[in-house]
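start.cif follows; it contains mmCIF, N, CA and C atoms.
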data_my_file
#
loop_
_atom_site.label_atom_id
_atom_site.label_comp_id
_atom_site.auth_asym_id
_atom_site.auth_seq_id
_atom_site.Cartn_x
_atom_site.Cartn_y
_atom_site.Cartn_z
N MET A 1 109.89 89.64 99.09
CA MET A 1 110.66 90.78 99.52
C MET A 1 109.75 91.72 100.31
N TYR A 2 110.35 92.33 101.32
CA TYR A 2 109.62 93.24 102.18
C TYR A 2 110.36 94.57 102.24
N TYR A 3 109.59 95.67 102.31
CA TYR A 3 110.13 97.00 102.50
C TYR A 3 109.50 97.59 103.76
N TYR A 4 110.32 98.02 104.70
CA TYR A 4 109.81 98.64 105.92
C TYR A 4 110.53 99.96 106.14
N PRO A 5 109.79 100.96 106.66
CA PRO A 5 110.44 102.23 106.96
C PRO A 5 111.32 102.09 108.20
N ALA A 6 112.52 102.62 108.10
CA ALA A 6 113.46 102.62 109.22
C ALA A 6 113.77 104.07 109.58
N THR A 7 114.04 104.27 110.85
CA THR A 7 114.43 105.59 111.34
C THR A 7 115.92 105.55 111.67
N PHE A 8 116.68 106.41 111.03
CA PHE A 8 118.12 106.51 111.26
C PHE A 8 118.37 107.78 112.06
N VAL A 9 118.79 107.60 113.32
CA VAL A 9 119.00 108.73 114.21
C VAL A 9 120.49 108.85 114.52
N PRO A 10 121.08 110.04 114.26
CA PRO A 10 122.49 110.20 114.58
C PRO A 10 122.72 110.04 116.08
N HIS A 11 123.80 109.37 116.42
CA HIS A 11 124.14 109.16 117.82
C HIS A 11 124.51 110.51 118.44
N PRO A 12 124.04 110.80 119.67
CA PRO A 12 124.29 112.12 120.24
C PRO A 12 125.79 112.44 120.47
N LEU A 13 126.59 111.43 120.76
CA LEU A 13 128.01 111.68 121.03
C LEU A 13 128.90 111.48 119.81
N HIS A 14 128.38 110.72 118.83
CA HIS A 14 129.16 110.43 117.62
C HIS A 14 128.24 110.64 116.41
N PRO A 15 128.14 111.88 115.91
CA PRO A 15 127.16 112.20 114.85
C PRO A 15 127.32 111.39 113.57
N GLU A 16 128.49 110.80 113.32
CA GLU A 16 128.65 109.99 112.11
C GLU A 16 128.02 108.60 112.29
N ARG A 17 127.75 108.20 113.53
CA ARG A 17 127.15 106.91 113.86
C ARG A 17 125.63 107.06 113.88
N TYR A 18 124.92 106.03 113.41
CA TYR A 18 123.46 106.08 113.37
C TYR A 18 122.87 104.88 114.11
N ASP A 19 121.83 105.16 114.91
CA ASP A 19 121.02 104.12 115.54
C ASP A 19 119.78 103.94 114.68
N VAL A 20 119.33 102.70 114.51
CA VAL A 20 118.23 102.41 113.59
C VAL A 20 117.12 101.68 114.32
N THR A 21 115.88 102.12 114.10
CA THR A 21 114.70 101.43 114.62
C THR A 21 113.67 101.29 113.51
N PHE A 22 112.74 100.37 113.71
CA PHE A 22 111.64 100.14 112.77
C PHE A 22 110.34 100.32 113.53
N VAL A 23 109.56 101.34 113.19
CA VAL A 23 108.34 101.66 113.93
C VAL A 23 107.34 100.50 113.89
N ASP A 24 107.32 99.73 112.81
CA ASP A 24 106.36 98.64 112.66
C ASP A 24 106.82 97.35 113.34
N LEU A 25 108.07 97.29 113.75
CA LEU A 25 108.65 96.06 114.29
C LEU A 25 109.40 96.35 115.59
N PRO A 26 108.68 96.55 116.68
CA PRO A 26 109.35 96.81 117.96
C PRO A 26 110.36 95.70 118.26
N GLY A 27 111.52 96.11 118.70
CA GLY A 27 112.58 95.14 118.99
C GLY A 27 113.53 94.91 117.84
N CYS A 28 113.18 95.36 116.66
CA CYS A 28 114.09 95.24 115.52
C CYS A 28 114.91 96.53 115.49
N VAL A 29 116.14 96.43 115.97
CA VAL A 29 117.02 97.60 116.08
C VAL A 29 118.39 97.26 115.53
N SER A 30 119.13 98.30 115.19
CA SER A 30 120.47 98.11 114.69
C SER A 30 121.21 99.43 114.82
N SER A 31 122.46 99.44 114.38
CA SER A 31 123.24 100.67 114.36
C SER A 31 124.41 100.47 113.41
N GLY A 32 125.05 101.57 113.07
CA GLY A 32 126.21 101.50 112.19
C GLY A 32 127.13 102.66 112.44
N ASP A 33 128.41 102.45 112.17
CA ASP A 33 129.41 103.48 112.40
C ASP A 33 129.31 104.64 111.40
N THR A 34 128.67 104.38 110.26
CA THR A 34 128.40 105.41 109.26
C THR A 34 126.97 105.18 108.76
N LEU A 35 126.46 106.11 107.97
CA LEU A 35 125.12 105.93 107.43
C LEU A 35 125.06 104.71 106.51
N VAL A 36 126.08 104.52 105.70
CA VAL A 36 126.12 103.35 104.80
C VAL A 36 126.17 102.06 105.61
N ASP A 37 126.98 102.03 106.65
CA ASP A 37 127.07 100.87 107.52
C ASP A 37 125.74 100.63 108.24
N ALA A 38 125.11 101.71 108.69
CA ALA A 38 123.81 101.58 109.37
C ALA A 38 122.75 101.01 108.44
N LEU A 39 122.76 101.41 107.18
CA LEU A 39 121.80 100.87 106.22
C LEU A 39 122.03 99.37 106.00
N ARG A 40 123.28 98.98 105.88
CA ARG A 40 123.62 97.55 105.70
C ARG A 40 123.19 96.75 106.93
N MET A 41 123.49 97.28 108.11
CA MET A 41 123.14 96.58 109.35
C MET A 41 121.62 96.54 109.54
N ALA A 42 120.93 97.61 109.12
CA ALA A 42 119.47 97.63 109.22
C ALA A 42 118.85 96.56 108.33
N GLN A 43 119.40 96.40 107.14
CA GLN A 43 118.89 95.38 106.22
C GLN A 43 119.10 93.98 106.82
N GLU A 44 120.24 93.76 107.42
CA GLU A 44 120.52 92.47 108.04
C GLU A 44 119.59 92.22 109.24
N ALA A 45 119.41 93.25 110.07
CA ALA A 45 118.53 93.11 111.24
C ALA A 45 117.09 92.84 110.81
N LEU A 46 116.63 93.57 109.78
CA LEU A 46 115.27 93.39 109.29
C LEU A 46 115.08 91.99 108.71
N THR A 47 116.03 91.52 107.93
CA THR A 47 115.94 90.18 107.35
C THR A 47 115.88 89.12 108.44
N LEU A 48 116.75 89.26 109.44
CA LEU A 48 116.76 88.31 110.56
C LEU A 48 115.45 88.36 111.34
N HIS A 49 114.99 89.56 111.63
CA HIS A 49 113.76 89.72 112.41
C HIS A 49 112.55 89.11 111.69
N LEU A 50 112.39 89.46 110.42
CA LEU A 50 111.27 88.93 109.65
C LEU A 50 111.40 87.42 109.44
N GLY A 51 112.63 86.95 109.21
CA GLY A 51 112.85 85.51 109.05
C GLY A 51 112.44 84.75 110.30
N THR A 52 112.76 85.29 111.47
CA THR A 52 112.37 84.66 112.73
C THR A 52 110.85 84.67 112.88
N MET A 53 110.22 85.79 112.52
CA MET A 53 108.75 85.86 112.60
C MET A 53 108.11 84.82 111.69
N LEU A 54 108.63 84.69 110.47
CA LEU A 54 108.09 83.71 109.53
C LEU A 54 108.27 82.29 110.05
N GLU A 55 109.46 81.99 110.57
CA GLU A 55 109.72 80.66 111.11
C GLU A 55 108.81 80.33 112.28
N ASP A 56 108.51 81.36 113.11
CA ASP A 56 107.67 81.16 114.28
C ASP A 56 106.18 81.20 113.95
N GLY A 57 105.85 81.53 112.69
CA GLY A 57 104.46 81.60 112.29
C GLY A 57 103.75 82.87 112.76
N ASP A 58 104.53 83.89 113.14
CA ASP A 58 103.94 85.16 113.58
C ASP A 58 103.45 85.95 112.37
N PRO A 59 102.37 86.72 112.55
CA PRO A 59 101.90 87.54 111.43
C PRO A 59 102.89 88.66 111.12
N ILE A 60 103.07 88.93 109.85
CA ILE A 60 103.97 89.99 109.40
C ILE A 60 103.13 91.26 109.27
N PRO A 61 103.47 92.33 110.02
CA PRO A 61 102.66 93.55 109.95
C PRO A 61 102.79 94.27 108.61
N THR A 62 101.76 95.00 108.27
CA THR A 62 101.78 95.81 107.05
C THR A 62 102.71 96.99 107.29
N PRO A 63 103.63 97.25 106.37
CA PRO A 63 104.55 98.38 106.56
C PRO A 63 103.82 99.73 106.54
N SER A 64 104.26 100.63 107.39
CA SER A 64 103.76 102.00 107.39
C SER A 64 104.36 102.77 106.22
N SER A 65 103.75 103.89 105.90
CA SER A 65 104.37 104.81 104.95
C SER A 65 105.50 105.53 105.68
N LEU A 66 106.39 106.15 104.91
CA LEU A 66 107.47 106.91 105.54
C LEU A 66 106.90 108.04 106.40
N GLU A 67 105.86 108.70 105.92
CA GLU A 67 105.25 109.80 106.67
C GLU A 67 104.61 109.29 107.96
N ALA A 68 103.92 108.17 107.90
CA ALA A 68 103.31 107.60 109.11
C ALA A 68 104.38 107.18 110.12
N ALA A 69 105.48 106.64 109.62
CA ALA A 69 106.59 106.25 110.51
C ALA A 69 107.18 107.49 111.17
N ARG A 70 107.38 108.54 110.39
CA ARG A 70 107.93 109.79 110.94
C ARG A 70 107.01 110.35 112.01
N GLN A 71 105.72 110.39 111.73
CA GLN A 71 104.76 110.92 112.70
C GLN A 71 104.73 110.08 113.98
N ALA A 72 104.77 108.76 113.84
CA ALA A 72 104.76 107.89 115.01
C ALA A 72 106.02 108.09 115.86
N ASP A 73 107.17 108.19 115.19
CA ASP A 73 108.43 108.41 115.91
C ASP A 73 108.42 109.76 116.62
N GLU A 74 107.94 110.78 115.94
CA GLU A 74 107.91 112.11 116.55
C GLU A 74 106.93 112.16 117.73
N ALA A 75 105.80 111.48 117.60
CA ALA A 75 104.84 111.45 118.70
C ALA A 75 105.43 110.73 119.92
N GLU A 76 106.13 109.63 119.67
CA GLU A 76 106.76 108.89 120.77
C GLU A 76 107.85 109.74 121.42
N ALA A 77 108.65 110.42 120.62
CA ALA A 77 109.71 111.27 121.16
C ALA A 77 109.13 112.42 121.98
N LEU A 78 108.03 112.99 121.51
CA LEU A 78 107.36 114.07 122.24
C LEU A 78 106.81 113.56 123.56
N ALA A 79 106.20 112.38 123.55
CA ALA A 79 105.65 111.80 124.78
C ALA A 79 106.75 111.51 125.80
N GLU A 80 107.94 111.16 125.30
CA GLU A 80 109.07 110.87 126.19
C GLU A 80 109.90 112.11 126.49
N ASN A 81 109.48 113.27 125.95
CA ASN A 81 110.19 114.54 126.13
C ASN A 81 111.65 114.41 125.69
N ASP A 82 111.85 113.72 124.57
CA ASP A 82 113.19 113.49 124.02
C ASP A 82 113.11 113.68 122.51
N PRO A 83 113.11 114.94 122.04
CA PRO A 83 112.92 115.18 120.60
C PRO A 83 113.99 114.53 119.74
N LEU A 84 113.57 114.12 118.56
CA LEU A 84 114.50 113.52 117.60
C LEU A 84 115.36 114.62 116.99
N PRO A 85 116.64 114.34 116.72
CA PRO A 85 117.49 115.33 116.05
C PRO A 85 116.95 115.64 114.65
N GLN A 86 117.15 116.88 114.23
CA GLN A 86 116.69 117.28 112.89
C GLN A 86 117.36 116.47 111.80
N GLU A 87 118.53 115.90 112.08
CA GLU A 87 119.28 115.13 111.09
C GLU A 87 118.75 113.70 110.94
N SER A 88 117.71 113.35 111.68
CA SER A 88 117.14 112.00 111.56
C SER A 88 116.64 111.77 110.14
N ILE A 89 116.74 110.52 109.71
CA ILE A 89 116.37 110.16 108.33
C ILE A 89 115.38 109.00 108.38
N TRP A 90 114.36 109.08 107.54
CA TRP A 90 113.42 107.96 107.37
C TRP A 90 113.64 107.40 105.98
N GLN A 91 113.87 106.10 105.92
CA GLN A 91 114.23 105.45 104.66
C GLN A 91 113.64 104.04 104.64
N TYR A 92 113.14 103.62 103.49
CA TYR A 92 112.71 102.23 103.37
C TYR A 92 113.93 101.32 103.33
N VAL A 93 113.80 100.16 103.98
CA VAL A 93 114.85 99.15 103.99
C VAL A 93 114.25 97.88 103.41
N LEU A 94 114.99 97.22 102.56
CA LEU A 94 114.58 95.99 101.89
C LEU A 94 115.06 94.78 102.67
N ALA A 95 114.21 93.78 102.77
CA ALA A 95 114.61 92.50 103.38
C ALA A 95 114.06 91.37 102.53
N ASP A 96 114.83 90.30 102.45
CA ASP A 96 114.39 89.12 101.71
C ASP A 96 114.63 87.88 102.57
N PRO A 97 113.74 87.67 103.56
CA PRO A 97 113.90 86.49 104.42
C PRO A 97 113.30 85.26 103.78
N SER A 98 113.81 84.88 102.61
CA SER A 98 113.19 83.77 101.88
C SER A 98 113.33 82.47 102.65
N PRO A 99 112.29 81.68 102.67
CA PRO A 99 112.35 80.39 103.35
C PRO A 99 113.44 79.48 102.80
N ARG A 100 113.80 79.64 101.52
CA ARG A 100 114.86 78.81 100.95
C ARG A 100 116.17 79.02 101.68
N LYS A 101 116.46 80.27 102.07
CA LYS A 101 117.69 80.54 102.79
C LYS A 101 117.68 79.84 104.15
N ALA A 102 116.52 79.88 104.81
CA ALA A 102 116.42 79.23 106.12
C ALA A 102 116.60 77.72 105.98
N LYS A 103 116.06 77.13 104.90
CA LYS A 103 116.17 75.69 104.72
C LYS A 103 117.58 75.29 104.28
N ALA A 104 118.24 76.17 103.54
CA ALA A 104 119.58 75.85 103.08
C ALA A 104 120.57 75.77 104.25
N GLU A 105 120.29 76.52 105.30
CA GLU A 105 121.18 76.53 106.46
C GLU A 105 120.34 76.51 107.73
N PRO A 106 119.84 75.33 108.10
CA PRO A 106 118.98 75.26 109.28
C PRO A 106 119.77 75.57 110.55
N PRO A 107 119.09 76.11 111.57
CA PRO A 107 119.79 76.39 112.82
C PRO A 107 120.29 75.10 113.47
N VAL A 108 121.35 75.25 114.23
CA VAL A 108 121.95 74.13 114.94
C VAL A 108 121.78 74.39 116.43
N ARG A 109 121.27 73.41 117.15
CA ARG A 109 121.10 73.54 118.60
C ARG A 109 122.46 73.38 119.27
N LEU A 110 122.79 74.32 120.15
CA LEU A 110 124.04 74.30 120.88
C LEU A 110 123.78 74.20 122.37
N SER A 111 124.72 73.65 123.06
CA SER A 111 124.69 73.67 124.52
C SER A 111 125.86 74.53 124.96
N ILE A 112 125.56 75.67 125.59
CA ILE A 112 126.63 76.56 126.04
C ILE A 112 126.48 76.80 127.53
N SER A 113 127.55 77.19 128.14
CA SER A 113 127.55 77.49 129.57
C SER A 113 127.84 78.97 129.76
N LEU A 114 126.97 79.65 130.49
CA LEU A 114 127.14 81.06 130.79
C LEU A 114 126.85 81.30 132.26
N LYS A 115 127.44 82.32 132.81
CA LYS A 115 127.16 82.69 134.18
C LYS A 115 125.70 83.14 134.28
N PRO A 116 125.04 82.84 135.40
CA PRO A 116 123.64 83.26 135.56
C PRO A 116 123.44 84.76 135.36
N SER A 117 124.40 85.58 135.79
CA SER A 117 124.26 87.03 135.62
C SER A 117 124.26 87.42 134.14
N VAL A 118 125.02 86.70 133.31
CA VAL A 118 125.04 86.98 131.87
C VAL A 118 123.70 86.56 131.25
N ILE A 119 123.18 85.43 131.67
CA ILE A 119 121.88 84.96 131.15
C ILE A 119 120.79 85.95 131.52
N GLU A 120 120.82 86.49 132.73
CA GLU A 120 119.83 87.49 133.14
C GLU A 120 119.89 88.72 132.24
N LYS A 121 121.10 89.17 131.91
CA LYS A 121 121.25 90.33 131.03
C LYS A 121 120.75 90.03 129.63
N ILE A 122 121.07 88.84 129.12
CA ILE A 122 120.60 88.45 127.79
C ILE A 122 119.07 88.41 127.78
N ASP A 123 118.47 87.83 128.82
CA ASP A 123 117.01 87.73 128.89
C ASP A 123 116.36 89.11 128.97
N ALA A 124 116.97 90.04 129.71
CA ALA A 124 116.43 91.40 129.81
C ALA A 124 116.47 92.09 128.44
N ILE A 125 117.59 91.93 127.74
CA ILE A 125 117.71 92.52 126.41
C ILE A 125 116.71 91.87 125.45
N ALA A 126 116.57 90.55 125.54
CA ALA A 126 115.63 89.83 124.68
C ALA A 126 114.21 90.36 124.89
N GLU A 127 113.84 90.57 126.14
CA GLU A 127 112.50 91.07 126.43
C GLU A 127 112.32 92.48 125.86
N ASP A 128 113.32 93.34 126.04
CA ASP A 128 113.24 94.71 125.52
C ASP A 128 113.14 94.74 124.00
N MET A 129 113.86 93.80 123.34
CA MET A 129 113.91 93.79 121.88
C MET A 129 112.81 92.94 121.25
N GLY A 130 112.08 92.20 122.06
CA GLY A 130 111.06 91.33 121.51
C GLY A 130 111.64 90.12 120.80
N LEU A 131 112.79 89.65 121.28
CA LEU A 131 113.46 88.50 120.67
C LEU A 131 113.55 87.35 121.68
N THR A 132 113.99 86.22 121.19
CA THR A 132 114.29 85.11 122.07
C THR A 132 115.73 85.24 122.55
N ARG A 133 116.11 84.43 123.51
CA ARG A 133 117.50 84.39 123.98
C ARG A 133 118.43 84.08 122.80
N SER A 134 118.06 83.09 121.99
CA SER A 134 118.87 82.73 120.82
C SER A 134 118.95 83.89 119.83
N GLY A 135 117.84 84.61 119.67
CA GLY A 135 117.83 85.75 118.75
C GLY A 135 118.81 86.83 119.17
N VAL A 136 118.87 87.11 120.48
CA VAL A 136 119.82 88.13 120.97
C VAL A 136 121.25 87.67 120.73
N ILE A 137 121.55 86.43 121.04
CA ILE A 137 122.90 85.91 120.84
C ILE A 137 123.25 85.95 119.35
N ASN A 138 122.29 85.61 118.48
CA ASN A 138 122.51 85.63 117.03
C ASN A 138 122.81 87.06 116.55
N VAL A 139 121.98 88.03 116.95
CA VAL A 139 122.18 89.42 116.53
C VAL A 139 123.52 89.95 117.04
N ALA A 140 123.82 89.69 118.31
CA ALA A 140 125.07 90.18 118.90
C ALA A 140 126.28 89.56 118.22
N THR A 141 126.21 88.28 117.91
CA THR A 141 127.33 87.61 117.27
C THR A 141 127.54 88.14 115.86
N ARG A 142 126.45 88.29 115.11
CA ARG A 142 126.57 88.82 113.75
C ARG A 142 127.14 90.23 113.77
N ASP A 143 126.66 91.06 114.70
CA ASP A 143 127.17 92.43 114.82
C ASP A 143 128.66 92.41 115.13
N TYR A 144 129.07 91.56 116.05
CA TYR A 144 130.49 91.45 116.41
C TYR A 144 131.33 91.01 115.21
N ILE A 145 130.88 89.99 114.52
CA ILE A 145 131.61 89.50 113.34
C ILE A 145 131.72 90.58 112.28
N ASN A 146 130.61 91.30 112.02
CA ASN A 146 130.64 92.35 111.01
C ASN A 146 131.60 93.47 111.41
N ARG A 147 131.64 93.82 112.68
CA ARG A 147 132.56 94.86 113.14
C ARG A 147 134.01 94.41 113.02
N MET A 148 134.29 93.15 113.30
CA MET A 148 135.65 92.63 113.23
C MET A 148 136.12 92.56 111.77
N GLN A 149 135.18 92.27 110.85
CA GLN A 149 135.54 92.15 109.43
C GLN A 149 135.60 93.51 108.74
N GLY A 150 134.92 94.52 109.32
CA GLY A 150 134.83 95.83 108.70
C GLY A 150 135.94 96.71 108.94
#

When written as structure tokens, how does the structure in this file appear?
Amino acid sequence: MYYYPATFVPHPLHPERYDVTFVDLPGCVSSGDTLVDALRMAQEALTLHLGTMLEDGDPIPTPSSLEAARQADEAEALAENDPLPQESIWQYVLADPSPRKAKAEPPVRLSISLKPSVIEKIDAIAEDMGLTRSGVINVATRDYINRMQG
């Protein structure tokens, strides 16, 4: 099990909605329509992100303290001249990317057809998030399914 500090920032146009980032894991992002939903989505994003890192053999970074995460976020916001809202929340999120889960349901290779312009957009998002093309499609699909079921 892993615990990482997450930053929950209220959306500027919809204060009940939260955007979530992990200072220790660039590219691991999520959001939710409510704080409870954002926490659930953050846990899912963190589990997926760490599971992918483990599968790829990437080193898992040591989690920051909540205070170190807050300071890093505030420094980044100051450097970008975009202060964080006072309502921002720093909270540890739990993930359990156990290898048994990955083995119980191994990924399936698919052949899909997409317009080149869509692939370019997926690749740009993948680069920004630090994910693979498959990772972006996986995160987007899970998010869509969760929204449709919620």

Have a look at A:Met53, A:Val23, A:Leu48, A:Tyr2 and name the one nearest to Asp73 of chain A; count all atoms listed in the file.
-> A:Val23

Spatial neighbours of Ser88 of chain A, 12 Å, only C-alpha atoms, chain gap at least 4 places, as JSON, numbers by chain | {"A": [6, 7, 8, 9, 10, 11, 12, 15, 16, 17, 18, 19, 20, 21, 35, 70, 73, 74, 83, 84]}

Among segment 26-144 of chain A, which residues carry a DSSP assignment of alpha helix (DSSP H), reported as a VMD selection string?
-> chain A and resid 35 to 56 66 to 79 99 to 104 116 to 129 133 to 144

Select, from A:Pro97, A:Ile89, A:Ile119, A:Tyr144, the residue with the minimum atom-to-atom distance to Thr52 of chain A, counting all atoms listed in the file.
->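 Smallest separation from Thr52 of chain A among the options: A:Pro97.
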
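When only C-alpha atoms are used to compute distances to Asp24 of chain A, the closest of the residues A:Pro59, A:Val93, A:Val36, A:Ala69 turns out to be A:Ala69.
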
How many Å separate atom CA of Ser113 of chain A from atom CA of Ile145 of chain A?
-> 20.6 Å

Skipping near chain neighbours, those fewer than 2 positions away, what residues fall within 7 Å of segment 41-43 of chain A using only C-alpha atoms, listed as a VMD selection string?
-> chain A and resid 20 30 to 32 37 to 39 45 to 47 93 to 95

Å distance separating atom N of Gln91 of chain A from atom C of Tyr4 of chain A, one decimal place =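 So the two atoms, atom N of Gln91 of chain A and atom C of Tyr4 of chain A, lie 7.0 Å apart.
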
Work out how far apart atom N of Glu44 of chain A and atom C of Lys121 of chain A are and give it in Å to one decimal.
->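 Taking atom N of Glu44 of chain A as the start and atom C of Lys121 of chain A as the end point, the length is 22.5 Å.
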
For Ser134 of chain A: contacts at 8 Å, all atoms listed in the file, fewer than 6 positions along chain excluded, given as a PDB file with N, CA and C atoms, keeping the file's coordinate frame:
ATOM      1  N   ILE A 122     121.070  88.840 129.120  1.00  0.00           N
ATOM      2  CA  ILE A 122     120.600  88.450 127.790  1.00  0.00           C
ATOM      3  C   ILE A 122     119.070  88.410 127.780  1.00  0.00           C
ATOM      4  N   ALA A 126     116.570  90.550 125.540  1.00  0.00           N
ATOM      5  CA  ALA A 126     115.630  89.830 124.680  1.00  0.00           C
ATOM      6  C   ALA A 126     114.210  90.360 124.890  1.00  0.00           C
ATOM      7  N   ALA A 140     123.820  89.690 118.310  1.00  0.00           N
ATOM      8  CA  ALA A 140     125.070  90.180 118.900  1.00  0.00           C
ATOM      9  C   ALA A 140     126.280  89.560 118.220  1.00  0.00           C
TER      10      ALA A 140
END

Strand (DSSP E or B) per DSSP on the backbone: members of segment 43-127 of chain A, as a list in words =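 Secondary structure check on segment 43-127 of chain A, strand (DSSP E or B): Ile89, Trp90, Gln91, Tyr92, Val93, Leu94 and Ala95 of chain A.
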
Determine the nearest neighbour of Tyr3 of chain A from the options A:Thr132, A:Gln86, A:Pro63, A:Ser117, counting only N, CA and C atoms.
->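 Smallest distance to Tyr3 of chain A is found for A:Pro63.
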
Using only C-alpha atoms, which of A:Arg40, A:Ile137, A:Met148, A:Trp90 sits nearest Gln71 of chain A?
-> A:Trp90
